[in-house]
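To start, the structure under review is shown below, and the notes come after it.
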Amino acid sequence: MLRRPISLFTFACIVSIGTLLLYNLPFFRFVIDNCHDGAAGVAWLTVSLAIVMLAVNFMMTCLAMFCLRIVGRIVLAILSVINATAVWFILKYSVIIDATTIENVFNTRYSEASGFFSWGMWLFILVVGLLPALFCLLQPVVMCKARKLGIYCGSSLAVIIVVGLLNINQTLFFSEHDTELGGLLQPWSYIANTYRIAAFIQDEQAEEIKLPDGRIADDEKAAVVLVIGESARKANFQLYGYKRDTNPLLSKQKDLKVFQANACATYTTAGTKAILEPKDCDDLYELLPNYAFRTGVDVAWRTSNWGEPPIHIEEYLTESQLAKQYPDEDSHYDGILYAGLHQRIEASQKHKVLIILHTSTSHGPQYVNKYPKAFEAYKPDEIVNAYDNTIRYTDFLLDSLINTLRAMTDWKTAMIFISDHGESLGENKMYMHGLPMKLAPKEQYEIPFLVWTSEGFRAYKSDLPPVLEQHYIFHSVLNLLSIQSPAYDDRYDIFQLNTNQQ
């Protein structure tokens with residue numbers, strides 16, 4: 001075959017079929033073992049995924065060969081070798097090629113990696129990787145016209161869209177097993193996760209657009225605790241009219257303000273960025289914790305989550321670090337983020353303290369693992385029951401935080417809770433979150449926005465819009481911390497200014 005030229009169509013078909021059969025059998029084995037829709041349902045899902053995989057790989061092979069020519073051949077050959085290596089480790093060591101695995105690959109020395117080498121591995125890579133790579137490099141291919149390439153790609157996209165829509169009811173399955181499925185899908189597992197690691201490193205090193213210098217206007221002792229909720233949707237909060245008793249404690253809290261609010265996005269990275277930035281834009285401006293820290297505020301960030309924009313402060317603590325600091329606390333749940341806050345604030349050497357808790361309390365799809373058994377008010381045999389239990393746990397944590405802050409009579413204190421985005425729980429067969437805002441149902445962007453302040457701290461404005469957005473957080477917190485700054489925008493502040501700031 002290598003001596004006789006073949007068409008681009010035939011070449012792309014061979015490569016896509018080979019990729020499916022040689023490198024993705026572990027993927028389909030996982031699908032078959034974990035899909036519980038009956039024999040017919042498993043067969044339909046497996047065939048659908050195979051069709052989509054063939055269409056995607058066919059289209060990408062056509063584009064690579066047509067647009068890149070010899071470079072495209074080299075790329076396909078390299079992918080064949082990497083695919084074979086990835087499959088070897090999946091089969092031999094049951095690994096998942098996720099972001100952590102890719103990060104470990106980049107951080108592993110040769111002396112450590114060489115311990116995995118064996119003659120069996122080299123033989124496997126030779127047969128399953130190098131021979132297909134030689135085919136990609138040496139097989140003569142007759143290129144088609146651009147018009148025919150457009151037909152190939154358009155047809156592939158149409159197949160992908162149609163099959164995807166026919167499997168829209170499998171959203172929960174994909175959400176529940178996204179890490180495993182993504183980590184077994186070759187070559188996209190290591191391509192996507194390498195990009196994620198590179199993007200994360202770039203974000204960590206990203207140069208923010210500095211905001212104008214600000215200054216702290218008074219010496220009043222003030223502490224603000226901002227709690228960023230994860231996947232908490234307004235619809236399931238009793239405080240917003242939900243029929244269930246999901247806020248038994250907060251509903252009795254004196255001076256708790258409940259605002260209507262919408263998220264700016266339906267996924268964590270963008271939603272969290274919107275909460276912390278001064279205005280809605282694609283640029284990376286100096287974020288609230290970074291700006292407050294630079295201005296002289298004592299800032300701490302505690303997190304059990306991920307997908308955060310770059311945070312540049314001295315005290316950044318994960319749940320595992322907090323577990324070492326507070327060994328008597330249960331570190332399996334978000335309560336660890338709240339440990340020792342009273343002592344942390346009282347021990348501050350500054351008059352202004354900002355603590356941000358980035359939680360994961362209502363992150364799915366395994367909602368049942370996000371709260372202690374004591375908060376299982378509803379038996380988690382249904383997804384909504386388990387989700388509602390996460391809201392009751394959130395209710396307990398926020399109520400406890402308010403009571404802690406209220407007892408600190410030497411400080412002016414405030415608690416703000418706002419979610420990064422909402423969550424779909426099966427409405428219209430949609431689950432989780434992440435749809436584009438133009439397509440997202442209201443469950444994915446209508447969020448809770450709760451505020452409590454100690455007596456006499458700040459007065460609320462009486463002319464606020466009926467629905468607020470996440471950017472109110474930045475400017476309202478500047479007000480609470482008495483930070484005077486050209487970056488402050490009174491239009492996005494829920495509080496009136498005190499006399500020292502006017």
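Numbering starts fresh at 1 for the residues of each chain in the structure tokens, the chains themselves are lettered A, B, ... in the order given, and ligands are numbered from 1 as they appear.
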Next on the checklist: Need the shell around Leu20 (chain A): protein/DNA/RNA residues with any atom at most 10 Å away, counting only C-alpha atoms. Skip same-chain ones fewer than 5 positions apart. Format as an MDAnalysis selection string?
Outcome noted: chainID A and resid 14:15 25 27:28 50:51 53:54 57 185:187
Dump as JSON lines the rows for residues of region 177-241 of chain A within 12 Å of region 461-475 of chain A: closest atom pair and distance in Å with one decimal, only C-alpha atoms counted, ordered by chain and rising residue number.
{"residue": "A:Val224", "atom": "CA", "partner": "A:Ile473", "partner_atom": "CA", "distance": 11.3}
{"residue": "A:Val225", "atom": "CA", "partner": "A:Ile473", "partner_atom": "CA", "distance": 11.6}
{"residue": "A:Leu226", "atom": "CA", "partner": "A:Ile473", "partner_atom": "CA", "distance": 8.8}
{"residue": "A:Val227", "atom": "CA", "partner": "A:Ile473", "partner_atom": "CA", "distance": 10.8}
{"residue": "A:Ile228", "atom": "CA", "partner": "A:Ile473", "partner_atom": "CA", "distance": 10.5}
Item to check | Nearest candidate to Leu211 (chain A) (options A:Arg233, A:Lys257, A:Arg244, A:Arg294; using only C-alpha atoms) | outcome: A:Arg294
Output as a Markdown table one row per residue of region 346-409 of chain A within 8 Å of region 417-433 of chain A: the closest atom pair and its distance in Å to one decimal place, counting only C-alpha atoms, sorted by chain and residue number ascending.
| residue | atom | partner | partner_atom | distance |
| --- | --- | --- | --- | --- |
| A:Gly364 | CA | A:Met432 | CA | 6.6 |
| A:Pro365 | CA | A:Met432 | CA | 7.0 |
| A:Ile383 | CA | A:Leu425 | CA | 7.0 |
| A:Val384 | CA | A:Leu425 | CA | 6.5 |
Dump N, CA and C atoms for the selected residues as a PDB file, in the first residue's frame?
ATOM      1  N   GLY A 364     -20.940  19.153  41.861  1.00  0.00           N
ATOM      2  CA  GLY A 364     -21.363  17.816  41.482  1.00  0.00           C
ATOM      3  C   GLY A 364     -20.311  17.096  40.675  1.00  0.00           C
ATOM      4  N   PRO A 365     -20.635  15.919  40.202  1.00  0.00           N
ATOM      5  CA  PRO A 365     -21.955  15.297  40.352  1.00  0.00           C
ATOM      6  C   PRO A 365     -22.133  14.498  41.639  1.00  0.00           C
ATOM      7  N   ILE A 383     -30.889  12.883  42.898  1.00  0.00           N
ATOM      8  CA  ILE A 383     -29.855  13.906  42.793  1.00  0.00           C
ATOM      9  C   ILE A 383     -30.260  15.200  43.505  1.00  0.00           C
ATOM     10  N   VAL A 384     -31.539  15.563  43.435  1.00  0.00           N
ATOM     11  CA  VAL A 384     -31.998  16.794  44.075  1.00  0.00           C
ATOM     12  C   VAL A 384     -31.890  16.680  45.587  1.00  0.00           C
TER      13      VAL A 384
END
Item to check | 12 Å contact set for Asp282 (chain A), only C-alpha atoms, chain neighbours under 2 positions out, as a VMD selection string | outcome: chain A and resid 208 to 209 264 270 273 to 274 277 to 280 284 to 285
Those same residues, written as a PDB file, in the first residue's frame with N, CA and C atoms?
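Listing of out.pdb after writing:
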ATOM      1  N   GLU A 208      -1.109  41.119  35.691  1.00  0.00           N
ATOM      2  CA  GLU A 208      -2.393  41.807  35.797  1.00  0.00           C
ATOM      3  C   GLU A 208      -2.239  43.273  35.392  1.00  0.00           C
ATOM      4  N   ILE A 209      -3.326  43.831  34.918  1.00  0.00           N
ATOM      5  CA  ILE A 209      -3.369  45.275  34.677  1.00  0.00           C
ATOM      6  C   ILE A 209      -3.554  45.947  36.035  1.00  0.00           C
ATOM      7  N   CYS A 264     -22.162  36.043  35.985  1.00  0.00           N
ATOM      8  CA  CYS A 264     -21.684  36.522  34.689  1.00  0.00           C
ATOM      9  C   CYS A 264     -21.269  35.383  33.778  1.00  0.00           C
ATOM     10  N   ALA A 270     -14.471  31.680  35.175  1.00  0.00           N
ATOM     11  CA  ALA A 270     -15.020  32.980  34.786  1.00  0.00           C
ATOM     12  C   ALA A 270     -15.897  33.565  35.885  1.00  0.00           C
ATOM     13  N   LYS A 273     -13.641  34.878  38.676  1.00  0.00           N
ATOM     14  CA  LYS A 273     -12.978  36.100  38.202  1.00  0.00           C
ATOM     15  C   LYS A 273     -13.941  37.280  38.249  1.00  0.00           C
ATOM     16  N   ALA A 274     -15.202  37.062  37.845  1.00  0.00           N
ATOM     17  CA  ALA A 274     -16.190  38.150  37.847  1.00  0.00           C
ATOM     18  C   ALA A 274     -16.453  38.656  39.253  1.00  0.00           C
ATOM     19  N   GLU A 277     -13.208  40.879  40.175  1.00  0.00           N
ATOM     20  CA  GLU A 277     -12.693  41.940  39.315  1.00  0.00           C
ATOM     21  C   GLU A 277     -13.582  43.180  39.385  1.00  0.00           C
ATOM     22  N   PRO A 278     -13.031  44.342  39.038  1.00  0.00           N
ATOM     23  CA  PRO A 278     -13.798  45.585  39.167  1.00  0.00           C
ATOM     24  C   PRO A 278     -14.855  45.792  38.089  1.00  0.00           C
ATOM     25  N   LYS A 279     -14.703  45.142  36.931  1.00  0.00           N
ATOM     26  CA  LYS A 279     -15.686  45.314  35.866  1.00  0.00           C
ATOM     27  C   LYS A 279     -15.647  44.119  34.943  1.00  0.00           C
ATOM     28  N   ASP A 280     -16.702  43.946  34.175  1.00  0.00           N
ATOM     29  CA  ASP A 280     -16.837  42.798  33.281  1.00  0.00           C
ATOM     30  C   ASP A 280     -16.028  43.038  32.014  1.00  0.00           C
ATOM     31  N   LEU A 284      -7.378  40.894  32.191  1.00  0.00           N
ATOM     32  CA  LEU A 284      -7.117  40.494  33.575  1.00  0.00           C
ATOM     33  C   LEU A 284      -6.671  41.709  34.372  1.00  0.00           C
ATOM     34  N   TYR A 285      -7.632  42.330  35.057  1.00  0.00           N
ATOM     35  CA  TYR A 285      -7.312  43.434  35.944  1.00  0.00           C
ATOM     36  C   TYR A 285      -6.909  42.893  37.312  1.00  0.00           C
TER      37      TYR A 285
END
Item to check | Contact residues around Ile336 (chain A) with only C-alpha atoms at 8 Å, ignoring same-chain residues under 2 positions, as a ChimeraX atom specification | outcome: /A:319,322-323,326,329-334,338-339
Dump of all heavy atoms for the selected residues, as a short mmCIF file (atom, residue, chain, number, x, y, z; two decimals), in the first residue's frame:
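Result saved to result-v4.cif:
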data_model
loop_
_atom_site.label_atom_id
_atom_site.label_comp_id
_atom_site.auth_asym_id
_atom_site.auth_seq_id
_atom_site.Cartn_x
_atom_site.Cartn_y
_atom_site.Cartn_z
N GLU A 319 -7.13 23.12 51.51
CA GLU A 319 -7.74 22.36 52.61
C GLU A 319 -6.74 21.40 53.25
O GLU A 319 -6.81 21.14 54.46
CB GLU A 319 -8.99 21.61 52.13
CG GLU A 319 -8.74 20.37 51.30
CD GLU A 319 -8.61 20.65 49.83
OE1 GLU A 319 -8.17 21.76 49.45
OE2 GLU A 319 -8.96 19.77 49.02
N LEU A 322 -4.68 23.45 55.62
CA LEU A 322 -5.50 23.78 56.79
C LEU A 322 -5.68 22.57 57.70
O LEU A 322 -5.74 22.70 58.92
CB LEU A 322 -6.86 24.30 56.34
CG LEU A 322 -6.86 25.70 55.72
CD1 LEU A 322 -8.18 25.98 55.01
CD2 LEU A 322 -6.60 26.76 56.79
N ALA A 323 -5.75 21.38 57.09
CA ALA A 323 -5.89 20.16 57.89
C ALA A 323 -4.69 19.96 58.81
O ALA A 323 -4.83 19.49 59.95
CB ALA A 323 -6.08 18.97 56.98
N TYR A 326 -5.05 22.61 61.58
CA TYR A 326 -6.15 22.34 62.51
C TYR A 326 -6.44 20.82 62.50
O TYR A 326 -7.44 20.38 61.93
CB TYR A 326 -7.40 23.12 62.12
CG TYR A 326 -7.20 24.61 62.06
CD1 TYR A 326 -6.96 25.26 60.84
CD2 TYR A 326 -7.21 25.38 63.22
CE1 TYR A 326 -6.76 26.62 60.79
CE2 TYR A 326 -7.01 26.75 63.18
CZ TYR A 326 -6.79 27.37 61.96
OH TYR A 326 -6.59 28.72 61.91
N GLU A 329 -9.94 19.22 63.27
CA GLU A 329 -11.09 19.47 62.41
C GLU A 329 -11.21 18.40 61.32
O GLU A 329 -10.20 17.85 60.88
CB GLU A 329 -10.97 20.85 61.74
CG GLU A 329 -10.93 22.02 62.71
CD GLU A 329 -12.27 22.26 63.39
OE1 GLU A 329 -13.30 21.88 62.79
OE2 GLU A 329 -12.28 22.85 64.48
N ASP A 330 -12.44 18.11 60.91
CA ASP A 330 -12.67 17.15 59.84
C ASP A 330 -12.35 17.83 58.50
O ASP A 330 -13.04 18.75 58.07
CB ASP A 330 -14.12 16.68 59.85
CG ASP A 330 -14.37 15.53 58.89
OD1 ASP A 330 -13.51 15.28 58.02
OD2 ASP A 330 -15.43 14.89 58.99
N SER A 331 -11.30 17.35 57.86
CA SER A 331 -10.83 18.00 56.63
C SER A 331 -11.49 17.45 55.38
O SER A 331 -11.16 17.85 54.27
CB SER A 331 -9.31 17.83 56.50
OG SER A 331 -8.95 16.46 56.43
N HIS A 332 -12.46 16.53 55.53
CA HIS A 332 -13.12 15.95 54.37
C HIS A 332 -14.18 16.88 53.78
O HIS A 332 -14.66 16.65 52.66
CB HIS A 332 -13.76 14.61 54.73
CG HIS A 332 -12.76 13.55 55.07
ND1 HIS A 332 -12.37 13.30 56.37
CD2 HIS A 332 -12.06 12.70 54.29
CE1 HIS A 332 -11.48 12.32 56.38
NE2 HIS A 332 -11.27 11.95 55.13
N TYR A 333 -14.57 17.89 54.54
CA TYR A 333 -15.66 18.76 54.10
C TYR A 333 -15.21 20.22 54.24
O TYR A 333 -14.17 20.53 54.82
CB TYR A 333 -16.92 18.50 54.93
CG TYR A 333 -17.32 17.05 54.95
CD1 TYR A 333 -17.09 16.26 56.07
CD2 TYR A 333 -17.90 16.46 53.82
CE1 TYR A 333 -17.45 14.91 56.07
CE2 TYR A 333 -18.26 15.12 53.82
CZ TYR A 333 -18.03 14.35 54.95
OH TYR A 333 -18.36 13.02 54.95
N ASP A 334 -16.04 21.13 53.72
CA ASP A 334 -15.66 22.53 53.66
C ASP A 334 -15.61 23.23 55.01
O ASP A 334 -15.16 24.37 55.10
CB ASP A 334 -16.61 23.29 52.73
CG ASP A 334 -16.15 23.22 51.28
OD1 ASP A 334 -15.02 22.77 51.04
OD2 ASP A 334 -16.92 23.61 50.39
N TYR A 338 -13.41 27.10 57.53
CA TYR A 338 -13.89 28.04 58.54
C TYR A 338 -13.15 27.89 59.87
O TYR A 338 -13.39 28.66 60.81
CB TYR A 338 -15.39 27.82 58.79
CG TYR A 338 -16.26 28.07 57.58
CD1 TYR A 338 -16.32 27.18 56.52
CD2 TYR A 338 -17.06 29.22 57.51
CE1 TYR A 338 -17.13 27.41 55.42
CE2 TYR A 338 -17.88 29.45 56.41
CZ TYR A 338 -17.90 28.54 55.37
OH TYR A 338 -18.71 28.76 54.27
N ALA A 339 -12.26 26.92 59.97
CA ALA A 339 -11.60 26.61 61.24
C ALA A 339 -10.75 27.79 61.71
O ALA A 339 -9.97 28.35 60.95
CB ALA A 339 -10.74 25.36 61.09
#
Next on the checklist: Here is a test: counting only C-alpha atoms, which residue of A:Cys35, A:Val163, A:Val297, A:Leu8 is nearest to Met60 (chain A)?
Outcome noted: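 Closest residue, counting only C-alpha atoms: A:Leu8.
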Item to check | Residues near Ile161 (chain A), cut-off 10 Å, only C-alpha atoms, skip fewer than 6 positions along chain, as number ranges by chain | outcome: A: 52, 155, 167
Next on the checklist: Between CA of Ile82 (chain A) and CA of Thr10 (chain A), what distance in Å does the model show, to one decimal?
Outcome noted: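 Computing the Euclidean distance for CA of Ile82 (chain A) and CA of Thr10 (chain A) yields 23.1 Å.
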Checklist outcome for this item: Ser362 (chain A) proximity check over A:Gly335, A:Pro436, A:Gly72, A:Gly229, using only C-alpha atoms: winner is A:Gly229
Among region 303-401 of chain A, which residues carry a DSSP assignment of strand (DSSP E), reported as a short mmCIF file (atom, residue, chain, number, x, y, z; two decimals) with N, CA and C atoms, in the first residue's frame?
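Final output, part_3.cif:
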data_model
loop_
_atom_site.label_atom_id
_atom_site.label_comp_id
_atom_site.auth_asym_id
_atom_site.auth_seq_id
_atom_site.Cartn_x
_atom_site.Cartn_y
_atom_site.Cartn_z
N THR A 303 -9.00 27.66 50.37
CA THR A 303 -9.70 27.05 49.25
C THR A 303 -9.75 25.53 49.34
N GLU A 315 -0.71 34.71 52.14
CA GLU A 315 -1.38 33.62 52.86
C GLU A 315 -2.43 32.96 51.97
N TYR A 316 -2.03 31.92 51.28
CA TYR A 316 -2.91 31.13 50.42
C TYR A 316 -2.86 29.70 50.93
N LEU A 317 -3.99 29.20 51.43
CA LEU A 317 -4.03 27.89 52.09
C LEU A 317 -5.06 26.98 51.45
N THR A 318 -4.64 25.77 51.11
CA THR A 318 -5.55 24.75 50.62
C THR A 318 -6.12 23.97 51.79
N LYS A 352 -7.47 46.22 59.11
CA LYS A 352 -8.37 45.78 58.03
C LYS A 352 -8.00 44.35 57.63
N VAL A 353 -9.01 43.47 57.67
CA VAL A 353 -8.79 42.06 57.38
C VAL A 353 -9.80 41.61 56.33
N LEU A 354 -9.31 40.92 55.31
CA LEU A 354 -10.17 40.32 54.30
C LEU A 354 -9.83 38.84 54.19
N ILE A 355 -10.80 37.98 54.45
CA ILE A 355 -10.60 36.55 54.31
C ILE A 355 -11.58 36.03 53.27
N ILE A 356 -11.06 35.31 52.29
CA ILE A 356 -11.89 34.77 51.21
C ILE A 356 -11.86 33.24 51.29
N LEU A 357 -13.04 32.65 51.35
CA LEU A 357 -13.19 31.20 51.41
C LEU A 357 -13.75 30.73 50.07
N HIS A 358 -12.96 29.97 49.33
CA HIS A 358 -13.41 29.46 48.04
C HIS A 358 -13.84 28.01 48.24
#
